[in-house]
Amino acid sequence: MGMSQRALITGVTGFVGRHLCTHLIECGDQVMGLAPCPAPENPSWGSLPTTDQILLWDLKTSQDCPSEIRNRIQQFQPAVVYHLAALSVPEDCGREEPHQIAWEINVNGTRRVIELLRDVCPDARLIFASTSHLYRVPQDRVTYVNEDYPISPRNGYAQTKWAAEQIVQDAIKGYGLDAVIVRAFPHTGPGQSERMMLPAWVAQFARGSRVVHVHTLLATIDLCDVRDVVRAYRMLAQSGLRGEIYNVGSGIAQTSGDVFRILQALANPDCEVIETHPGIKYDPIADLRKIESQTHWKPEIPIERTVEDTYHWWSTLLARR
């Protein structure tokens, strides 16, 4: 568990933000959040801080942090700041080059958050959520990648995260920011948008589709449960080494088809499946030796439970509508 601490989460109302908030509250932490707009009245999963502990600051606009929010954060004095706020659906960020809005939120937003910390809570530790999309895509076989694997950002989203990592590194070297960079591999679970792989499938089953469309069943992927990922974030906040980069993923190579068949058996074994982009693809797989040797974290939730919980969440959500 570790000691309880005061934590600030940027992007607290997002998919990962809610899961992180839930975990931190369970661990006894006090949580304050930043979000671009008020949270909906009835969150359908997870816990959020009380409304008065969610501060509104939209990183889309290039304004500095409003003074009343700066004052609130200064009074709160977080020990850890989890910077999750980002435009994180790759399609929204630009295929070849990042869109302006992705650059504004993911890169300039990170710069503004760091400037805020330097001014109001210079001793806080920053946990920066980056991505495995930075790594060069392996061409023809299953490839386990450690934190030194070559960088070759594959889309606009990855380019913005790489640029933001540089800003974090500059602040570590420039004025001694206490920061840890986490390269998270794809993660999923209850509450995720149906624009992502597993929820896109789940939502089709939950709506009773006879024909389910999938990209390809032959993509080799590392898919982790979001609840494991947020545990890693907190463990790195407590025992990660300043200035270091850590991979967080499942460390397991499986195909999209393996994951799909777990869902199909659960939801509708007789459905027809259409691959819209058939073909073999390889994503990098996480080499987790560094985080496992430097913290007590390792992934614990099996993919079967992730699929089942995500399916039940969507079924319940759609039944309410």
# chains A, B, ... in the order shown; residues from 1 in each chain; ligands from 1

call {"tool": "residues_around", "arguments": {"residues": "region 67-71 of chain A", "least_positions_apart": "4", "cutoff": "7 Å", "atoms": "only C-alpha atoms", "output": "VMD selection string"}}
result
chain A and resid 55 75 120

call {"tool": "write_last_selection", "arguments": {"atoms": "all heavy atoms", "output": "mmCIF file, in the first residue's frame"}}
result
data_model
loop_
_atom_site.group_PDB
_atom_site.id
_atom_site.type_symbol
_atom_site.label_atom_id
_atom_site.label_comp_id
_atom_site.auth_asym_id
_atom_site.auth_seq_id
_atom_site.Cartn_x
_atom_site.Cartn_y
_atom_site.Cartn_z
ATOM 1 N N LEU A 55 -11.110 20.768 -10.232
ATOM 2 C CA LEU A 55 -10.858 22.136 -10.706
ATOM 3 C C LEU A 55 -10.897 22.147 -12.231
ATOM 4 O O LEU A 55 -10.365 21.241 -12.881
ATOM 5 C CB LEU A 55 -9.480 22.602 -10.222
ATOM 6 C CG LEU A 55 -9.183 22.342 -8.738
ATOM 7 C CD1 LEU A 55 -7.767 22.783 -8.395
ATOM 8 C CD2 LEU A 55 -10.187 23.062 -7.849
ATOM 9 N N GLN A 75 -2.592 25.574 -1.931
ATOM 10 C CA GLN A 75 -3.075 25.241 -0.580
ATOM 11 C C GLN A 75 -3.073 23.725 -0.358
ATOM 12 O O GLN A 75 -2.734 23.245 0.722
ATOM 13 C CB GLN A 75 -4.503 25.774 -0.377
ATOM 14 C CG GLN A 75 -4.570 27.281 -0.226
ATOM 15 C CD GLN A 75 -5.969 27.827 -0.524
ATOM 16 O OE1 GLN A 75 -6.912 27.063 -0.754
ATOM 17 N NE2 GLN A 75 -6.098 29.143 -0.521
ATOM 18 N N VAL A 120 3.971 26.418 -7.856
ATOM 19 C CA VAL A 120 3.125 26.266 -6.657
ATOM 20 C C VAL A 120 3.443 25.038 -5.809
ATOM 21 O O VAL A 120 3.121 25.022 -4.621
ATOM 22 C CB VAL A 120 1.609 26.284 -7.005
ATOM 23 C CG1 VAL A 120 1.243 27.543 -7.753
ATOM 24 C CG2 VAL A 120 1.190 25.039 -7.758
#

call {"tool": "atom_distance", "arguments": {"atom1": "CA of Tyr157 (chain A)", "atom2": "CA of Pro66 (chain A)"}}
result
26.9 Å

call {"tool": "residues_around", "arguments": {"residues": "Ile127 (chain A)", "least_positions_apart": "6", "cutoff": "10 Å", "atoms": "only C-alpha atoms", "output": "mmCIF file with N, CA, C and O atoms, in the first residue's frame"}}
result
data_model
loop_
_atom_site.group_PDB
_atom_site.id
_atom_site.type_symbol
_atom_site.label_atom_id
_atom_site.label_comp_id
_atom_site.auth_asym_id
_atom_site.auth_seq_id
_atom_site.Cartn_x
_atom_site.Cartn_y
_atom_site.Cartn_z
ATOM 1 N N ILE A 9 -4.627 14.726 -9.932
ATOM 2 C CA ILE A 9 -4.724 13.997 -11.199
ATOM 3 C C ILE A 9 -5.210 14.954 -12.283
ATOM 4 O O ILE A 9 -6.310 15.513 -12.158
ATOM 5 N N VAL A 80 2.166 14.228 -5.112
ATOM 6 C CA VAL A 80 2.302 13.599 -6.436
ATOM 7 C C VAL A 80 1.307 14.232 -7.390
ATOM 8 O O VAL A 80 0.155 14.489 -7.016
ATOM 9 N N VAL A 81 1.762 14.483 -8.611
ATOM 10 C CA VAL A 81 0.870 14.947 -9.667
ATOM 11 C C VAL A 81 0.913 13.904 -10.789
ATOM 12 O O VAL A 81 1.977 13.623 -11.345
ATOM 13 N N TYR A 82 -0.232 13.298 -11.065
ATOM 14 C CA TYR A 82 -0.343 12.323 -12.151
ATOM 15 C C TYR A 82 -0.853 13.072 -13.372
ATOM 16 O O TYR A 82 -2.010 13.503 -13.395
ATOM 17 N N HIS A 83 0.008 13.237 -14.363
ATOM 18 C CA HIS A 83 -0.399 14.005 -15.550
ATOM 19 C C HIS A 83 -0.902 13.052 -16.632
ATOM 20 O O HIS A 83 -0.140 12.507 -17.421
ATOM 21 N N LEU A 84 -2.239 12.865 -16.629
ATOM 22 C CA LEU A 84 -2.884 11.957 -17.593
ATOM 23 C C LEU A 84 -3.590 12.724 -18.695
ATOM 24 O O LEU A 84 -3.901 12.153 -19.737
ATOM 25 N N VAL A 168 9.483 17.092 -20.272
ATOM 26 C CA VAL A 168 9.676 16.554 -18.919
ATOM 27 C C VAL A 168 11.170 16.379 -18.643
ATOM 28 O O VAL A 168 11.679 16.795 -17.595
ATOM 29 N N ASP A 178 11.205 16.545 -10.059
ATOM 30 C CA ASP A 178 11.179 15.135 -9.655
ATOM 31 C C ASP A 178 10.111 14.446 -10.500
ATOM 32 O O ASP A 178 8.917 14.562 -10.218
ATOM 33 N N ALA A 179 10.541 13.789 -11.573
ATOM 34 C CA ALA A 179 9.558 13.203 -12.482
ATOM 35 C C ALA A 179 9.938 11.790 -12.873
ATOM 36 O O ALA A 179 11.110 11.425 -12.910
ATOM 37 N N VAL A 180 8.897 11.003 -13.161
ATOM 38 C CA VAL A 180 9.040 9.641 -13.671
ATOM 39 C C VAL A 180 8.177 9.556 -14.921
ATOM 40 O O VAL A 180 7.040 10.037 -14.929
ATOM 41 N N ILE A 181 8.734 8.977 -15.987
ATOM 42 C CA ILE A 181 7.984 8.825 -17.244
ATOM 43 C C ILE A 181 7.527 7.374 -17.369
ATOM 44 O O ILE A 181 8.325 6.446 -17.184
ATOM 45 N N VAL A 182 6.243 7.184 -17.651
ATOM 46 C CA VAL A 182 5.701 5.836 -17.789
ATOM 47 C C VAL A 182 5.257 5.625 -19.234
ATOM 48 O O VAL A 182 4.428 6.382 -19.741
ATOM 49 N N TYR A 233 1.127 3.123 -11.656
ATOM 50 C CA TYR A 233 1.362 4.560 -11.519
ATOM 51 C C TYR A 233 1.608 4.919 -10.048
ATOM 52 O O TYR A 233 2.518 5.667 -9.720
ATOM 53 N N ARG A 234 0.781 4.369 -9.169
ATOM 54 C CA ARG A 234 0.950 4.727 -7.750
ATOM 55 C C ARG A 234 2.239 4.137 -7.179
ATOM 56 O O ARG A 234 2.929 4.775 -6.392
ATOM 57 N N LEU A 236 4.967 3.598 -8.811
ATOM 58 C CA LEU A 236 6.082 4.408 -9.330
ATOM 59 C C LEU A 236 6.150 5.751 -8.613
ATOM 60 O O LEU A 236 7.230 6.308 -8.412
ATOM 61 N N ALA A 237 4.985 6.267 -8.219
ATOM 62 C CA ALA A 237 4.985 7.514 -7.444
ATOM 63 C C ALA A 237 5.727 7.304 -6.127
ATOM 64 O O ALA A 237 6.412 8.198 -5.637
ATOM 65 N N GLY A 240 9.458 4.635 -7.750
ATOM 66 C CA GLY A 240 10.191 4.780 -9.006
ATOM 67 C C GLY A 240 11.375 5.725 -8.803
ATOM 68 O O GLY A 240 11.374 6.547 -7.878
ATOM 69 N N ARG A 242 13.754 8.845 -9.743
ATOM 70 C CA ARG A 242 13.620 10.141 -10.412
ATOM 71 C C ARG A 242 14.340 10.133 -11.758
ATOM 72 O O ARG A 242 15.461 9.652 -11.886
#

call {"tool": "residues_around", "arguments": {"residues": "Asp123 (chain A)", "least_positions_apart": "4", "cutoff": "10 Å", "atoms": "only C-alpha atoms", "output": "list in words"}}
result
Gln77, Pro78, Ala79, Val80, Leu117, Arg118, Gly176, Leu177 and Asp178 of chain A

call {"tool": "closest_residue", "arguments": {"among": "A:Ile114, A:Pro269, A:Glu292, A:Ala200", "to": "Tyr175 (chain A)", "atoms": "only C-alpha atoms"}}
result
A:Ile114

call {"tool": "residues_around", "arguments": {"residues": "Pro299 (chain A)", "least_positions_apart": "4", "cutoff": "12 Å", "atoms": "only C-alpha atoms", "output": "list in words"}}
result
His187, Asp222, Leu223, Cys224, Asp225, Val226, Arg227, Asp228, Val229, Val230, Arg231, Ala232, Asn247, Val248, Gly249, Ser250, Gly251, Ile252, Ala286, Leu288, Arg289, Ile291, Glu292, Ile303 and Thr306 of chain A

call {"tool": "write_last_selection", "arguments": {"atoms": "N, CA, C and O atoms", "output": "short mmCIF file (atom, residue, chain, number, x, y, z; two decimals), in the first residue's frame"}}
result
data_model
loop_
_atom_site.label_atom_id
_atom_site.label_comp_id
_atom_site.auth_asym_id
_atom_site.auth_seq_id
_atom_site.Cartn_x
_atom_site.Cartn_y
_atom_site.Cartn_z
N HIS A 187 -4.06 -0.29 -22.89
CA HIS A 187 -4.79 -0.82 -21.74
C HIS A 187 -6.27 -0.56 -21.93
O HIS A 187 -6.69 0.35 -22.64
N ASP A 222 0.07 -6.31 -27.00
CA ASP A 222 0.22 -6.35 -25.55
C ASP A 222 -0.96 -5.55 -25.01
O ASP A 222 -1.04 -4.34 -25.21
N LEU A 223 -1.90 -6.22 -24.37
CA LEU A 223 -3.09 -5.54 -23.86
C LEU A 223 -3.18 -5.77 -22.36
O LEU A 223 -3.20 -6.90 -21.90
N CYS A 224 -3.23 -4.67 -21.62
CA CYS A 224 -3.16 -4.72 -20.16
C CYS A 224 -4.49 -4.20 -19.58
O CYS A 224 -5.20 -3.44 -20.23
N ASP A 225 -4.78 -4.62 -18.36
CA ASP A 225 -5.98 -4.12 -17.68
C ASP A 225 -5.67 -2.75 -17.06
O ASP A 225 -4.65 -2.58 -16.39
N VAL A 226 -6.56 -1.80 -17.27
CA VAL A 226 -6.36 -0.44 -16.76
C VAL A 226 -6.15 -0.43 -15.25
O VAL A 226 -5.41 0.40 -14.71
N ARG A 227 -6.76 -1.39 -14.54
CA ARG A 227 -6.63 -1.41 -13.08
C ARG A 227 -5.22 -1.81 -12.65
O ARG A 227 -4.73 -1.38 -11.61
N ASP A 228 -4.56 -2.64 -13.48
CA ASP A 228 -3.15 -2.93 -13.23
C ASP A 228 -2.28 -1.70 -13.52
O ASP A 228 -1.33 -1.41 -12.80
N VAL A 229 -2.64 -0.98 -14.59
CA VAL A 229 -1.85 0.20 -14.99
C VAL A 229 -1.88 1.27 -13.88
O VAL A 229 -0.85 1.82 -13.52
N VAL A 230 -3.06 1.52 -13.33
CA VAL A 230 -3.11 2.59 -12.31
C VAL A 230 -2.40 2.17 -11.03
O VAL A 230 -1.83 3.01 -10.33
N ARG A 231 -2.39 0.88 -10.73
CA ARG A 231 -1.58 0.41 -9.59
C ARG A 231 -0.10 0.70 -9.83
O ARG A 231 0.63 1.10 -8.93
N ALA A 232 0.32 0.49 -11.08
CA ALA A 232 1.73 0.77 -11.42
C ALA A 232 2.04 2.24 -11.24
O ALA A 232 3.10 2.61 -10.72
N ASN A 247 8.42 0.97 -18.64
CA ASN A 247 7.34 0.33 -19.40
C ASN A 247 6.30 -0.23 -18.43
O ASN A 247 6.66 -0.82 -17.40
N VAL A 248 5.01 -0.06 -18.78
CA VAL A 248 3.93 -0.71 -18.03
C VAL A 248 3.00 -1.37 -19.06
O VAL A 248 2.47 -0.69 -19.94
N GLY A 249 2.86 -2.67 -18.95
CA GLY A 249 1.99 -3.41 -19.87
C GLY A 249 1.69 -4.77 -19.29
O GLY A 249 1.90 -4.99 -18.09
N SER A 250 1.23 -5.68 -20.13
CA SER A 250 0.96 -7.04 -19.63
C SER A 250 2.21 -7.92 -19.73
O SER A 250 2.35 -8.89 -19.01
N GLY A 251 3.11 -7.56 -20.67
CA GLY A 251 4.27 -8.40 -20.91
C GLY A 251 3.93 -9.71 -21.60
O GLY A 251 4.78 -10.60 -21.72
N ILE A 252 2.68 -9.82 -22.09
CA ILE A 252 2.23 -11.05 -22.74
C ILE A 252 1.90 -10.76 -24.19
O ILE A 252 1.15 -9.83 -24.49
N ALA A 286 5.68 -5.49 -24.08
CA ALA A 286 6.44 -4.86 -22.98
C ALA A 286 7.41 -5.84 -22.32
O ALA A 286 7.01 -6.91 -21.88
N LEU A 288 9.11 -6.04 -19.02
CA LEU A 288 8.75 -5.40 -17.74
C LEU A 288 9.83 -5.56 -16.67
O LEU A 288 9.59 -5.27 -15.50
N ARG A 289 11.03 -6.01 -17.07
CA ARG A 289 12.03 -6.33 -16.04
C ARG A 289 12.39 -5.11 -15.19
O ARG A 289 12.63 -5.22 -13.99
N ILE A 291 10.60 -2.26 -14.28
CA ILE A 291 9.63 -1.88 -13.24
C ILE A 291 9.50 -3.00 -12.21
O ILE A 291 9.38 -2.74 -11.01
N GLU A 292 9.58 -4.26 -12.65
CA GLU A 292 9.41 -5.36 -11.70
C GLU A 292 10.59 -5.42 -10.74
O GLU A 292 10.44 -5.80 -9.57
N ILE A 303 -6.49 -11.57 -18.77
CA ILE A 303 -7.27 -10.98 -19.86
C ILE A 303 -8.73 -11.46 -19.83
O ILE A 303 -9.64 -10.71 -20.16
N THR A 306 -10.58 -9.12 -17.63
CA THR A 306 -10.71 -7.80 -18.28
C THR A 306 -11.86 -7.82 -19.29
O THR A 306 -12.71 -6.93 -19.32
#

call {"tool": "select_by_dssp", "arguments": {"residues": "region 11-67 of chain A", "states": "helix (DSSP H, G or I)", "output": "number ranges by chain"}}
result
A: 15-26, 51-53, 67

call {"tool": "residues_around", "arguments": {"residues": "Ala35 (chain A)", "least_positions_apart": "5", "cutoff": "8 Å", "atoms": "only C-alpha atoms", "output": "PyMOL selection string"}}
result
chain A and resi 10-13+54-58+85

call {"tool": "write_last_selection", "arguments": {"atoms": "N, CA and C atoms", "output": "PDB file, in the first residue's frame"}}
result
ATOM      1  N   THR A  10      -4.410  15.156 -13.338  1.00  0.00           N
ATOM      2  CA  THR A  10      -4.934  15.913 -14.480  1.00  0.00           C
ATOM      3  C   THR A  10      -5.672  14.917 -15.380  1.00  0.00           C
ATOM      4  N   GLY A  11      -6.796  15.350 -15.949  1.00  0.00           N
ATOM      5  CA  GLY A  11      -7.601  14.420 -16.743  1.00  0.00           C
ATOM      6  C   GLY A  11      -8.351  13.439 -15.851  1.00  0.00           C
ATOM      7  N   VAL A  12      -8.761  13.908 -14.675  1.00  0.00           N
ATOM      8  CA  VAL A  12      -9.343  13.000 -13.667  1.00  0.00           C
ATOM      9  C   VAL A  12     -10.667  12.393 -14.116  1.00  0.00           C
ATOM     10  N   THR A  13     -11.402  13.081 -15.009  1.00  0.00           N
ATOM     11  CA  THR A  13     -12.712  12.559 -15.403  1.00  0.00           C
ATOM     12  C   THR A  13     -12.632  11.615 -16.609  1.00  0.00           C
ATOM     13  N   ILE A  54     -12.729  19.051  -7.862  1.00  0.00           N
ATOM     14  CA  ILE A  54     -12.412  18.966  -9.289  1.00  0.00           C
ATOM     15  C   ILE A  54     -12.306  20.386  -9.827  1.00  0.00           C
ATOM     16  N   LEU A  55     -11.110  20.768 -10.232  1.00  0.00           N
ATOM     17  CA  LEU A  55     -10.858  22.136 -10.706  1.00  0.00           C
ATOM     18  C   LEU A  55     -10.897  22.147 -12.231  1.00  0.00           C
ATOM     19  N   LEU A  56     -11.530  23.146 -12.801  1.00  0.00           N
ATOM     20  CA  LEU A  56     -11.710  23.175 -14.251  1.00  0.00           C
ATOM     21  C   LEU A  56     -10.658  24.043 -14.935  1.00  0.00           C
ATOM     22  N   TRP A  57      -9.870  23.392 -15.765  1.00  0.00           N
ATOM     23  CA  TRP A  57      -8.854  24.094 -16.563  1.00  0.00           C
ATOM     24  C   TRP A  57      -8.694  23.313 -17.857  1.00  0.00           C
ATOM     25  N   ASP A  58      -9.044  23.939 -18.975  1.00  0.00           N
ATOM     26  CA  ASP A  58      -9.006  23.256 -20.272  1.00  0.00           C
ATOM     27  C   ASP A  58      -7.661  23.499 -20.945  1.00  0.00           C
ATOM     28  N   ALA A  85      -3.890  14.009 -18.463  1.00  0.00           N
ATOM     29  CA  ALA A  85      -4.701  14.771 -19.413  1.00  0.00           C
ATOM     30  C   ALA A  85      -4.046  14.758 -20.792  1.00  0.00           C
TER      31      ALA A  85
END

call {"tool": "select_by_dssp", "arguments": {"residues": "region 151-248 of chain A", "states": "strand (DSSP E)", "output": "PyMOL selection string"}}
result
chain A and resi 178-184+187-188+211-214+219-221+224-225+245-248

call {"tool": "write_last_selection", "arguments": {"atoms": "N, CA, C and O atoms", "output": "compact mmCIF listing (two decimals), in the first residue's frame"}}
result
# COMPACT_ATOMS: atom_id res chain seq x y z
N ASP A 178 11.21 16.55 -10.06
CA ASP A 178 11.18 15.14 -9.66
C ASP A 178 10.11 14.45 -10.50
O ASP A 178 8.92 14.56 -10.22
N ALA A 179 10.54 13.79 -11.57
CA ALA A 179 9.56 13.20 -12.48
C ALA A 179 9.94 11.79 -12.87
O ALA A 179 11.11 11.42 -12.91
N VAL A 180 8.90 11.00 -13.16
CA VAL A 180 9.04 9.64 -13.67
C VAL A 180 8.18 9.56 -14.92
O VAL A 180 7.04 10.04 -14.93
N ILE A 181 8.73 8.98 -15.99
CA ILE A 181 7.98 8.82 -17.24
C ILE A 181 7.53 7.37 -17.37
O ILE A 181 8.32 6.45 -17.18
N VAL A 182 6.24 7.18 -17.65
CA VAL A 182 5.70 5.84 -17.79
C VAL A 182 5.26 5.62 -19.23
O VAL A 182 4.43 6.38 -19.74
N ARG A 183 5.84 4.64 -19.90
CA ARG A 183 5.38 4.29 -21.25
C ARG A 183 4.37 3.16 -21.12
O ARG A 183 4.74 1.99 -20.98
N ALA A 184 3.11 3.55 -21.15
CA ALA A 184 2.04 2.57 -20.97
C ALA A 184 1.73 1.90 -22.31
O ALA A 184 1.57 2.59 -23.33
N HIS A 187 -4.06 -0.29 -22.89
CA HIS A 187 -4.79 -0.82 -21.74
C HIS A 187 -6.27 -0.56 -21.93
O HIS A 187 -6.69 0.35 -22.64
N THR A 188 -7.06 -1.39 -21.27
CA THR A 188 -8.50 -1.39 -21.52
C THR A 188 -9.21 -1.83 -20.26
O THR A 188 -8.58 -2.18 -19.27
N VAL A 211 -23.65 -9.69 -36.78
CA VAL A 211 -22.36 -9.66 -37.46
C VAL A 211 -21.47 -8.69 -36.70
O VAL A 211 -21.86 -7.55 -36.45
N VAL A 212 -20.28 -9.13 -36.32
CA VAL A 212 -19.37 -8.28 -35.56
C VAL A 212 -18.17 -7.95 -36.44
O VAL A 212 -17.55 -8.83 -37.03
N HIS A 213 -17.88 -6.66 -36.55
CA HIS A 213 -16.75 -6.21 -37.37
C HIS A 213 -15.51 -6.02 -36.50
O HIS A 213 -15.59 -5.37 -35.46
N VAL A 214 -14.41 -6.59 -36.92
CA VAL A 214 -13.13 -6.40 -36.23
C VAL A 214 -12.11 -5.96 -37.28
O VAL A 214 -12.26 -6.25 -38.46
N ALA A 219 -3.47 -9.47 -35.29
CA ALA A 219 -2.54 -8.47 -34.75
C ALA A 219 -1.95 -9.03 -33.45
O ALA A 219 -2.71 -9.45 -32.57
N THR A 220 -0.63 -9.05 -33.34
CA THR A 220 0.00 -9.44 -32.08
C THR A 220 0.09 -8.20 -31.20
O THR A 220 0.67 -7.19 -31.61
N ILE A 221 -0.50 -8.29 -30.02
CA ILE A 221 -0.63 -7.10 -29.17
C ILE A 221 -0.23 -7.38 -27.73
O ILE A 221 -0.20 -8.54 -27.31
N CYS A 224 -3.23 -4.67 -21.62
CA CYS A 224 -3.16 -4.72 -20.16
C CYS A 224 -4.49 -4.20 -19.58
O CYS A 224 -5.20 -3.44 -20.23
N ASP A 225 -4.78 -4.62 -18.36
CA ASP A 225 -5.98 -4.12 -17.68
C ASP A 225 -5.67 -2.75 -17.06
O ASP A 225 -4.65 -2.58 -16.39
N ILE A 245 12.53 6.09 -16.92
CA ILE A 245 11.41 5.73 -17.80
C ILE A 245 11.07 4.27 -17.52
O ILE A 245 11.97 3.44 -17.39
N TYR A 246 9.77 3.99 -17.42
CA TYR A 246 9.34 2.61 -17.14
C TYR A 246 8.26 2.17 -18.11
O TYR A 246 7.28 2.90 -18.33
N ASN A 247 8.42 0.97 -18.64
CA ASN A 247 7.34 0.33 -19.40
C ASN A 247 6.30 -0.23 -18.43
O ASN A 247 6.66 -0.82 -17.40
N VAL A 248 5.01 -0.06 -18.78
CA VAL A 248 3.93 -0.71 -18.03
C VAL A 248 3.00 -1.37 -19.06
O VAL A 248 2.47 -0.69 -19.94

call {"tool": "atom_distance", "arguments": {"atom1": "CA of Phe260 (chain A)", "atom2": "CA of Thr216 (chain A)"}}
result
10.0 Å

call {"tool": "atom_distance", "arguments": {"atom1": "CA of Val137 (chain A)", "atom2": "CA of Gly243 (chain A)"}}
result
25.0 Å

call {"tool": "residues_around", "arguments": {"residues": "Val31 (chain A)", "least_positions_apart": "2", "cutoff": "10 Å", "atoms": "only C-alpha atoms", "output": "list in words"}}
result
Gln5, Arg6, Ala7, Leu8, Ile9, Val12, Leu20, Cys21, Thr22, Leu24, Ile25, Gly28, Asp29, Gly33, Leu48, Pro49, Thr50, Gln53, Ile54, Phe76, Pro78, Val80 and Val81 of chain A

call {"tool": "write_last_selection", "arguments": {"atoms": "N, CA and C atoms", "output": "PDB file, in the first residue's frame"}}
result
ATOM      1  N   GLN A   5      -1.035   9.710   0.605  1.00  0.00           N
ATOM      2  CA  GLN A   5      -0.476  11.012   0.215  1.00  0.00           C
ATOM      3  C   GLN A   5      -1.513  11.851  -0.508  1.00  0.00           C
ATOM      4  N   ARG A   6      -1.204  13.125  -0.664  1.00  0.00           N
ATOM      5  CA  ARG A   6      -2.081  14.018  -1.414  1.00  0.00           C
ATOM      6  C   ARG A   6      -1.705  13.951  -2.885  1.00  0.00           C
ATOM      7  N   ALA A   7      -2.690  13.706  -3.718  1.00  0.00           N
ATOM      8  CA  ALA A   7      -2.426  13.513  -5.141  1.00  0.00           C
ATOM      9  C   ALA A   7      -3.313  14.430  -5.973  1.00  0.00           C
ATOM     10  N   LEU A   8      -2.725  14.959  -7.041  1.00  0.00           N
ATOM     11  CA  LEU A   8      -3.471  15.737  -8.033  1.00  0.00           C
ATOM     12  C   LEU A   8      -3.453  14.941  -9.333  1.00  0.00           C
ATOM     13  N   ILE A   9      -4.627  14.726  -9.932  1.00  0.00           N
ATOM     14  CA  ILE A   9      -4.724  13.997 -11.199  1.00  0.00           C
ATOM     15  C   ILE A   9      -5.210  14.954 -12.283  1.00  0.00           C
ATOM     16  N   VAL A  12      -8.761  13.908 -14.675  1.00  0.00           N
ATOM     17  CA  VAL A  12      -9.343  13.000 -13.667  1.00  0.00           C
ATOM     18  C   VAL A  12     -10.667  12.393 -14.116  1.00  0.00           C
ATOM     19  N   LEU A  20      -7.743   5.571 -11.800  1.00  0.00           N
ATOM     20  CA  LEU A  20      -6.658   5.966 -10.888  1.00  0.00           C
ATOM     21  C   LEU A  20      -7.238   6.582  -9.618  1.00  0.00           C
ATOM     22  N   CYS A  21      -8.200   7.458  -9.789  1.00  0.00           N
ATOM     23  CA  CYS A  21      -8.823   8.111  -8.634  1.00  0.00           C
ATOM     24  C   CYS A  21      -9.420   7.067  -7.686  1.00  0.00           C
ATOM     25  N   THR A  22     -10.141   6.098  -8.251  1.00  0.00           N
ATOM     26  CA  THR A  22     -10.736   5.019  -7.449  1.00  0.00           C
ATOM     27  C   THR A  22      -9.663   4.294  -6.643  1.00  0.00           C
ATOM     28  N   LEU A  24      -6.564   5.349  -5.846  1.00  0.00           N
ATOM     29  CA  LEU A  24      -5.913   6.199  -4.846  1.00  0.00           C
ATOM     30  C   LEU A  24      -6.793   6.358  -3.605  1.00  0.00           C
ATOM     31  N   ILE A  25      -8.096   6.533  -3.823  1.00  0.00           N
ATOM     32  CA  ILE A  25      -9.012   6.695  -2.686  1.00  0.00           C
ATOM     33  C   ILE A  25      -9.033   5.404  -1.857  1.00  0.00           C
ATOM     34  N   GLY A  28      -6.301   5.267   0.480  1.00  0.00           N
ATOM     35  CA  GLY A  28      -6.320   6.272   1.546  1.00  0.00           C
ATOM     36  C   GLY A  28      -5.742   7.619   1.155  1.00  0.00           C
ATOM     37  N   ASP A  29      -5.460   7.813  -0.144  1.00  0.00           N
ATOM     38  CA  ASP A  29      -4.921   9.103  -0.581  1.00  0.00           C
ATOM     39  C   ASP A  29      -6.026  10.155  -0.632  1.00  0.00           C
ATOM     40  N   GLY A  33      -8.559  16.868  -8.477  1.00  0.00           N
ATOM     41  CA  GLY A  33      -8.469  16.602  -9.907  1.00  0.00           C
ATOM     42  C   GLY A  33      -8.564  17.853 -10.747  1.00  0.00           C
ATOM     43  N   LEU A  48     -14.945   9.609  -8.169  1.00  0.00           N
ATOM     44  CA  LEU A  48     -14.291  10.876  -8.507  1.00  0.00           C
ATOM     45  C   LEU A  48     -14.131  11.659  -7.206  1.00  0.00           C
ATOM     46  N   PRO A  49     -13.232  12.643  -7.204  1.00  0.00           N
ATOM     47  CA  PRO A  49     -13.193  13.511  -6.019  1.00  0.00           C
ATOM     48  C   PRO A  49     -14.527  14.236  -5.883  1.00  0.00           C
ATOM     49  N   THR A  50     -14.796  14.773  -4.701  1.00  0.00           N
ATOM     50  CA  THR A  50     -16.013  15.576  -4.549  1.00  0.00           C
ATOM     51  C   THR A  50     -15.954  16.745  -5.529  1.00  0.00           C
ATOM     52  N   GLN A  53     -13.555  19.429  -5.324  1.00  0.00           N
ATOM     53  CA  GLN A  53     -12.145  19.053  -5.485  1.00  0.00           C
ATOM     54  C   GLN A  53     -11.785  18.791  -6.951  1.00  0.00           C
ATOM     55  N   ILE A  54     -12.729  19.051  -7.862  1.00  0.00           N
ATOM     56  CA  ILE A  54     -12.412  18.966  -9.289  1.00  0.00           C
ATOM     57  C   ILE A  54     -12.306  20.386  -9.827  1.00  0.00           C
ATOM     58  N   PHE A  76      -3.454  22.986  -1.382  1.00  0.00           N
ATOM     59  CA  PHE A  76      -3.556  21.519  -1.274  1.00  0.00           C
ATOM     60  C   PHE A  76      -2.170  20.881  -1.150  1.00  0.00           C
ATOM     61  N   PRO A  78      -0.049  19.016  -3.328  1.00  0.00           N
ATOM     62  CA  PRO A  78       0.040  17.593  -3.640  1.00  0.00           C
ATOM     63  C   PRO A  78       1.482  17.097  -3.538  1.00  0.00           C
ATOM     64  N   VAL A  80       2.166  14.228  -5.112  1.00  0.00           N
ATOM     65  CA  VAL A  80       2.302  13.599  -6.436  1.00  0.00           C
ATOM     66  C   VAL A  80       1.307  14.232  -7.390  1.00  0.00           C
ATOM     67  N   VAL A  81       1.762  14.483  -8.611  1.00  0.00           N
ATOM     68  CA  VAL A  81       0.870  14.947  -9.667  1.00  0.00           C
ATOM     69  C   VAL A  81       0.913  13.904 -10.789  1.00  0.00           C
TER      70      VAL A  81
END

call {"tool": "closest_residue", "arguments": {"among": "A:Arg210, A:Gly14, A:Tyr311, A:Ala203", "to": "Pro40 (chain A)", "atoms": "only C-alpha atoms"}}
result
A:Gly14

call {"tool": "closest_residue", "arguments": {"among": "A:Leu317, A:Leu126, A:Ala102, A:Met3", "to": "Leu241 (chain A)", "atoms": "only C-alpha atoms"}}
result
A:Leu126
